[in-house]
Every structure is written in C-alpha cells, then in structure tokens.
$ cat protein.cif   # mmCIF, C-alpha atoms
data_target
#
loop_
_atom_site.label_atom_id
_atom_site.label_comp_id
_atom_site.auth_asym_id
_atom_site.auth_seq_id
_atom_site.Cartn_x
_atom_site.Cartn_y
_atom_site.Cartn_z
CA PRO Y 9 7.66 13.43 -3.28
CA LEU Y 10 4.15 12.13 -4.05
CA LEU Y 11 3.08 12.49 -0.42
CA PHE Y 12 4.43 16.03 -0.29
CA GLN Y 13 2.63 16.90 -3.53
CA VAL Y 14 -0.69 15.83 -2.04
CA ALA Y 15 0.05 17.42 1.35
CA SER Y 16 0.71 20.75 -0.36
CA GLY Y 17 -2.69 20.61 -2.06
CA GLY Y 18 -1.42 19.40 -5.43
CA SER Y 19 -2.72 16.60 -7.63
CA LEU Y 20 -0.80 13.65 -9.03
CA ASN Y 21 -0.13 13.39 -12.76
CA GLN Y 22 -2.01 10.28 -13.84
CA SER Y 23 -0.09 10.17 -17.09
CA GLN Y 24 2.93 9.28 -14.92
CA VAL Y 25 1.37 7.16 -12.18
CA SER Y 26 -1.91 5.29 -11.77
CA VAL Y 27 -3.91 6.75 -8.89
CA LEU Y 28 -6.89 5.63 -6.85
CA GLU Y 29 -8.23 8.02 -4.19
CA SER Y 30 -10.45 7.60 -1.17
CA ASP Y 31 -11.08 10.69 0.96
CA SER Y 32 -12.53 8.65 3.82
CA ILE Y 33 -12.18 5.20 5.32
CA ASN Y 34 -13.50 2.73 2.75
CA THR Y 35 -13.29 -0.98 2.08
CA PHE Y 36 -11.98 -1.98 -1.34
CA ASP Y 37 -11.90 -5.28 -3.18
CA MET Y 38 -9.08 -5.05 -5.71
CA ILE Y 39 -9.03 -7.51 -8.60
CA ILE Y 40 -5.60 -8.27 -10.04
CA ASN Y 41 -5.53 -9.97 -13.44
CA ASN Y 42 -2.11 -11.33 -14.31
CA GLN Y 43 -2.24 -11.53 -18.09
CA GLN Y 44 1.27 -12.93 -18.40
CA LEU Y 45 2.58 -16.46 -17.96
CA VAL Y 46 5.02 -15.42 -15.21
CA ASP Y 47 4.13 -14.94 -11.55
CA HIS Y 48 4.04 -11.43 -10.06
CA PRO Y 49 4.54 -10.73 -6.33
CA PHE Y 50 2.43 -7.66 -5.52
CA HIS Y 51 3.20 -5.51 -2.48
CA LEU Y 52 1.07 -2.84 -0.80
CA HIS Y 53 2.79 -0.24 1.37
CA ALA Y 54 1.44 0.78 4.81
CA LEU Y 55 -1.86 -1.10 4.53
CA LYS Y 56 -2.45 -4.84 4.92
CA PHE Y 57 -4.86 -6.78 2.72
CA TRP Y 58 -6.80 -10.04 2.89
CA VAL Y 59 -6.65 -12.50 -0.01
CA VAL Y 60 -10.35 -13.32 -0.33
CA ALA Y 61 -10.35 -15.12 -3.69
CA ARG Y 62 -8.09 -16.32 -6.49
CA GLY Y 63 -8.36 -18.41 -9.63
CA ASN Y 64 -7.27 -19.03 -13.20
CA GLY Y 65 -8.09 -16.87 -16.22
CA THR Y 66 -9.39 -13.34 -15.70
CA MET Y 67 -11.92 -11.76 -13.39
CA SER Y 68 -14.11 -8.65 -13.70
CA PRO Y 69 -16.21 -6.69 -11.18
CA ALA Y 70 -19.35 -8.18 -12.78
CA GLY Y 71 -17.96 -11.70 -12.61
CA LEU Y 72 -16.89 -11.22 -9.01
CA LYS Y 73 -20.54 -10.98 -7.99
CA HIS Y 74 -20.83 -14.72 -8.71
CA VAL Y 75 -17.67 -15.72 -6.80
CA LYS Y 76 -17.89 -16.97 -3.22
CA LEU Y 77 -15.31 -14.99 -1.27
CA ASN Y 78 -13.38 -16.44 1.64
CA LEU Y 79 -14.41 -14.09 4.46
CA ASN Y 80 -13.78 -16.43 7.38
CA ASN Y 81 -10.26 -15.68 8.65
CA PRO Y 82 -8.61 -15.27 5.20
CA ILE Y 83 -4.86 -14.90 4.90
CA ARG Y 84 -3.66 -11.35 5.71
CA ARG Y 85 -0.49 -10.05 4.07
CA ASP Y 86 1.19 -7.05 2.48
CA VAL Y 87 2.66 -9.20 -0.35
CA THR Y 88 0.99 -11.92 -2.40
CA VAL Y 89 1.99 -13.76 -5.55
CA VAL Y 90 -0.52 -13.71 -8.41
CA ALA Y 91 0.20 -16.71 -10.62
CA GLY Y 92 0.75 -16.30 -14.33
CA GLY Y 93 -2.53 -16.49 -16.20
CA GLY Y 94 -4.46 -16.10 -12.96
CA TRP Y 95 -6.25 -13.57 -10.82
CA ALA Y 96 -6.62 -12.64 -7.17
CA VAL Y 97 -8.94 -10.44 -5.12
CA LEU Y 98 -7.39 -8.41 -2.32
CA ARG Y 99 -9.55 -6.68 0.28
CA PHE Y 100 -8.10 -3.72 2.15
CA ILE Y 101 -9.32 -0.78 4.21
CA THR Y 102 -8.06 2.77 3.70
CA ASP Y 103 -7.78 3.44 7.43
CA ILE Y 104 -4.25 4.87 7.34
CA PRO Y 105 -3.85 8.34 5.76
CA GLY Y 106 -1.09 8.62 3.19
CA VAL Y 107 0.02 7.97 -0.38
CA HIS Y 108 0.57 4.23 -0.46
CA LEU Y 109 2.51 2.54 -3.24
CA PHE Y 110 1.21 -0.71 -4.74
CA HIS Y 111 3.57 -2.50 -7.10
CA CYS Y 112 5.09 -5.70 -8.38
CA HIS Y 113 8.04 -6.56 -6.13
CA ILE Y 114 10.24 -7.42 -9.12
CA LEU Y 115 12.02 -4.09 -9.44
CA TRP Y 116 12.26 -3.75 -13.21
CA HIS Y 117 8.56 -4.65 -13.54
CA GLN Y 118 7.79 -1.76 -11.20
CA VAL Y 119 10.07 0.57 -13.14
CA VAL Y 120 8.30 -0.11 -16.45
CA GLY Y 121 4.88 0.57 -14.98
CA LEU Y 122 3.44 -2.37 -13.07
CA GLY Y 123 2.08 -0.47 -10.10
CA GLY Y 124 0.26 2.58 -8.84
CA VAL Y 125 -0.62 4.49 -5.67
CA PHE Y 126 -3.58 4.76 -3.33
CA VAL Y 127 -4.23 8.21 -1.89
CA SER Y 128 -5.95 7.51 1.40
CA GLN Y 129 -7.82 10.25 3.29
CA ARG Y 130 -6.60 13.38 1.49
CA PRO Y 131 -8.18 15.73 4.11
CA GLU Y 132 -6.02 14.08 6.78
CA ILE Y 133 -2.93 14.33 4.58
CA LEU Y 134 -3.47 18.08 4.20
CA GLU Y 135 -3.18 18.40 7.99
CA MET Y 136 0.10 16.46 8.23
CA LYS Y 137 3.22 18.13 9.61
CA PHE Y 138 6.58 16.80 8.47
CA PRO Y 139 9.88 16.97 10.41
CA GLN Y 140 12.54 19.09 8.77
CA GLU Y 141 14.76 16.00 8.50
CA THR Y 142 12.10 14.37 6.31
CA LEU Y 143 11.78 17.44 4.11
CA ASN Y 144 15.56 17.55 3.70
CA LEU Y 145 15.58 13.98 2.34
CA CYS Y 146 13.47 15.05 -0.61
CA ALA Y 147 15.48 18.16 -1.44
CA ALA Y 148 17.05 16.00 -4.15
CA GLU Y 149 13.91 16.53 -6.21
CA ASN Y 150 15.20 20.00 -7.06
CA TRP Y 151 18.70 18.97 -8.06
CA ALA Y 152 19.85 20.17 -11.45
CA PRO Y 153 20.22 17.42 -14.10
CA GLY Y 154 23.63 15.80 -14.00
CA THR Y 155 24.41 16.75 -10.40
CA SER Y 156 24.79 14.28 -7.55
CA LYS Y 157 25.11 14.27 -3.79
CA ASN Y 158 26.49 11.79 -1.30
CA THR Y 159 23.49 10.71 0.78
CA THR Y 160 25.46 7.96 2.54
CA ALA Y 161 27.98 10.18 4.37
CA VAL Y 162 29.15 8.76 7.69
CA GLY Y 163 27.36 11.41 9.76
CA SER Y 164 24.10 10.94 7.87
CA MET Y 165 24.27 7.16 8.21
CA LYS Y 166 24.91 7.36 11.95
CA ARG Y 167 21.95 9.69 12.47
CA ALA Y 168 19.73 7.44 10.37
CA LYS Y 169 20.80 4.40 12.41
CA VAL Y 170 20.04 6.13 15.72
CA GLN Y 171 16.64 7.28 14.46
CA ALA Y 172 15.82 3.76 13.22
CA GLN Y 173 16.79 2.27 16.59
CA LYS Y 174 14.51 4.76 18.36
CA ARG Y 175 11.59 3.87 16.07
CA VAL Y 176 12.10 0.15 16.68
CA ALA Y 177 12.23 0.73 20.45
CA LEU Y 178 8.99 2.73 20.36
CA ARG Y 179 7.23 0.04 18.32
CA LEU Y 180 8.39 -2.71 20.67
CA GLU Y 181 7.16 -0.73 23.66
CA ALA Y 182 3.80 -0.09 21.98
CA GLY Y 183 3.52 -3.80 21.18
CA LYS Y 184 4.15 -4.73 24.82
CA LYS Y 185 1.43 -2.33 25.97
CA GLU Y 186 -1.07 -3.70 23.45
CA LYS Y 187 -0.28 -7.27 24.48
CA LYS Y 188 -0.71 -6.37 28.16
CA ARG Y 189 -4.08 -4.72 27.46
CA GLY Y 190 -5.16 -7.57 25.18
CA THR Y 191 -5.69 -5.16 22.31
CA GLY Y 192 -4.19 -4.81 18.86
CA HIS Y 193 -5.29 -4.24 15.32
CA TRP Y 194 -9.10 -4.13 15.09
CA SER Y 195 -9.10 -7.09 12.70
CA GLU Y 196 -7.39 -9.25 15.33
CA ARG Y 197 -9.92 -8.22 18.00
CA LEU Y 198 -12.79 -9.18 15.70
CA GLY Y 199 -11.25 -12.50 14.79
CA ARG Y 200 -10.76 -11.28 11.23
CA LYS Y 201 -14.41 -11.98 10.38
CA LEU Y 202 -14.80 -9.79 7.31
CA SER Y 203 -17.83 -7.98 6.00
CA LYS Y 204 -19.73 -9.83 3.29
CA VAL Y 205 -19.71 -6.84 0.95
CA ALA Y 206 -16.92 -4.45 0.06
CA ARG Y 207 -18.00 -0.86 -0.43
CA LYS Y 208 -15.97 -0.51 -3.61
CA VAL Y 209 -14.39 -2.80 -6.19
CA VAL Y 210 -11.38 -1.81 -8.28
CA CYS Y 211 -9.61 -3.73 -11.01
CA LEU Y 212 -5.93 -3.85 -11.94
CA LYS Y 213 -5.09 -5.19 -15.39
CA GLY Y 214 -1.90 -5.17 -17.39
CA SER Y 215 1.50 -6.65 -17.91
CA THR Y 216 5.06 -5.53 -17.31
CA THR Y 217 4.65 -3.10 -20.19
CA GLY Y 218 2.25 -1.02 -18.13
CA ALA Y 219 -0.75 -1.20 -15.85
CA ARG Y 220 -3.62 0.99 -14.80
CA ILE Y 221 -5.68 1.03 -11.64
CA GLY Y 222 -9.29 2.08 -12.12
CA ALA Y 223 -12.64 1.93 -10.40
#
$ encode --input "protein.cif" --output "structure tokens"
Amino acid sequence: PLLFQVASGGSLNQSQVSVLESDSINTFDMIINNQQLVDHPFHLHALKFWVVARGNGTMSPAGLKHVKLNLNNPIRRDVTVVAGGGWAVLRFITDIPGVHLFHCHILWHQVVGLGGVFVSQRPEILEMKFPQETLNLCAAENWAPGTSKNTTAVGSMKRAKVQAQKRVALRLEAGKKEKKRGTGHWSERLGRKLSKVARKVVCLKGSTTGARIGA
C-alpha cells in the first residue's frame, strides 16, 4: 500500500510511519543508537548496506566526524544486530527505486514502532507500472471493518507457487550470465572500496516504544 500511495502521487503520513526520502541516487550513513539493554536485529528491504562502524554508548552526526570508518571491504548485509547500549553506522546507496522498509526483525518491536521507510527515487516510482495481479493483492486495503477473505485458497496458492518458481528461474539465469561475463553488482566489481565521505548522514534513535528516522 505505501508503494502504491507514492506511485499514485500521494504522500505518506509521517504521524503513522517514519519516512526518509531521496529523489535521486544518494549515499547515506545511517546511525542507529540502541538505547535499550537488549539487542535489536535491523533489516533493510531491497537495498544492501555496509557496516562501517559500531561501538558502545551513543553516536551523533557531529560525533561521527571524529570516528574512523571502516571503508576497506566492510561487511555487507541486509540485516545486522545492534547490541544493547550500543550504536552502529550503516552505509547504503539509494540506487533501487521503491519504498523500502527498515525495521527491527523482532516482529512485535516492529509493530510498536521500531522502524520506518526509505522512499528512493520518487520520480522513478511515479513511472512504475504494476501487474494487475499485484494490484489485486492490495484490494484488501478497501475491505470493510470486520470482513475477511481467504487469501490462501488452493488456486491462489498454486498460482503464487508457479510465479515464484518462474522468478527464481529468471534470477538463476541472470546470475549465470553475470558470472559468465565476469560482472555483477557494482560494489563487487570495485572490490567494495567505499567512498571516504557519505553525501548524507541520518540518525535513528529510539526504543521499542517508538522510533523516528530523521536527517
């Protein structure tokens, strides 16, 4: 639903979800301060990030200027655990258009507010065309309160399985072609040597009672 809202020219309600937008391809350093004593596994959809620094206590954009970042082949993931009472800096590039969810992977932490979304390349999103099957999946948004619908019917599950198998086959074929050509993700071709300076720094603070993403 969030992707469709943006694709239709709408804006996201920031009283309901924390939002960070980048209309073009940008590099971000995101600071995560875990102000609790429990660990939080954070997951970013669609994009991958590099863990370029971590430590104990809290970190700010001003303080980050005095931290030596690991820019020589740092670990690249879509999930990382930020220890309780600690912080981490994640570098990512908004090179994939979309509305990408970022959240704690402990479900009830996500439900009570520990997360947000990155709107990457809004102009590109406005040009997206969605298959009717995809639009049908989100028809539930307009259901009347108290109604329900079986979305796991045998026919629907079979179609979903076939579509998933086709997607996997296409990805495997694309991977074989990239391997044959000796290409791949740009970060692999460059040996993951990262730029010394991120174009933007954002900071995520909070606990399981709520979090905000802000520049």
$ resolve_selection --input "protein.cif" --expression "the PyMOL selection byres ((chain Y and resi 102-116) around 9)" --output "compact mmCIF listing (two decimals) with C-alpha atoms, keeping the file's coordinate frame"
# COMPACT_ATOMS: atom_id res chain seq x y z
CA LEU Y 10 4.15 12.13 -4.05
CA LEU Y 11 3.08 12.49 -0.42
CA VAL Y 14 -0.69 15.83 -2.04
CA SER Y 30 -10.45 7.60 -1.17
CA ASP Y 31 -11.08 10.69 0.96
CA SER Y 32 -12.53 8.65 3.82
CA ILE Y 33 -12.18 5.20 5.32
CA ASN Y 34 -13.50 2.73 2.75
CA THR Y 35 -13.29 -0.98 2.08
CA PHE Y 36 -11.98 -1.98 -1.34
CA HIS Y 48 4.04 -11.43 -10.06
CA PRO Y 49 4.54 -10.73 -6.33
CA PHE Y 50 2.43 -7.66 -5.52
CA HIS Y 51 3.20 -5.51 -2.48
CA LEU Y 52 1.07 -2.84 -0.80
CA HIS Y 53 2.79 -0.24 1.37
CA ALA Y 54 1.44 0.78 4.81
CA LEU Y 55 -1.86 -1.10 4.53
CA VAL Y 87 2.66 -9.20 -0.35
CA PHE Y 100 -8.10 -3.72 2.15
CA ILE Y 101 -9.32 -0.78 4.21
CA HIS Y 117 8.56 -4.65 -13.54
CA GLN Y 118 7.79 -1.76 -11.20
CA VAL Y 119 10.07 0.57 -13.14
CA VAL Y 120 8.30 -0.11 -16.45
CA GLY Y 121 4.88 0.57 -14.98
CA LEU Y 122 3.44 -2.37 -13.07
CA GLY Y 123 2.08 -0.47 -10.10
CA GLY Y 124 0.26 2.58 -8.84
CA VAL Y 125 -0.62 4.49 -5.67
CA PHE Y 126 -3.58 4.76 -3.33
CA VAL Y 127 -4.23 8.21 -1.89
CA SER Y 128 -5.95 7.51 1.40
CA GLN Y 129 -7.82 10.25 3.29
CA ARG Y 130 -6.60 13.38 1.49
CA PRO Y 131 -8.18 15.73 4.11
CA GLU Y 132 -6.02 14.08 6.78
CA ILE Y 133 -2.93 14.33 4.58
CA THR Y 216 5.06 -5.53 -17.31
$ resolve_selection --input "protein.cif" --expression "the PyMOL selection byres ((chain Y and resi 65) around 8)" --output "VMD selection string"
chain Y and resid 41 63 to 64 66 to 67 93 to 95
$ atom_distance --input "protein.cif" --atom1 "CA of Asn42 in chain Y" --atom2 "CA of Val27 in chain Y"
19.0 Å
$ atom_distance --input "protein.cif" --atom1 "CA of Arg85 in chain Y" --atom2 "CA of Phe12 in chain Y"
26.9 Å
$ atom_distance --input "protein.cif" --atom1 "CA of Ser16 in chain Y" --atom2 "CA of Asn144 in chain Y"
15.7 Å
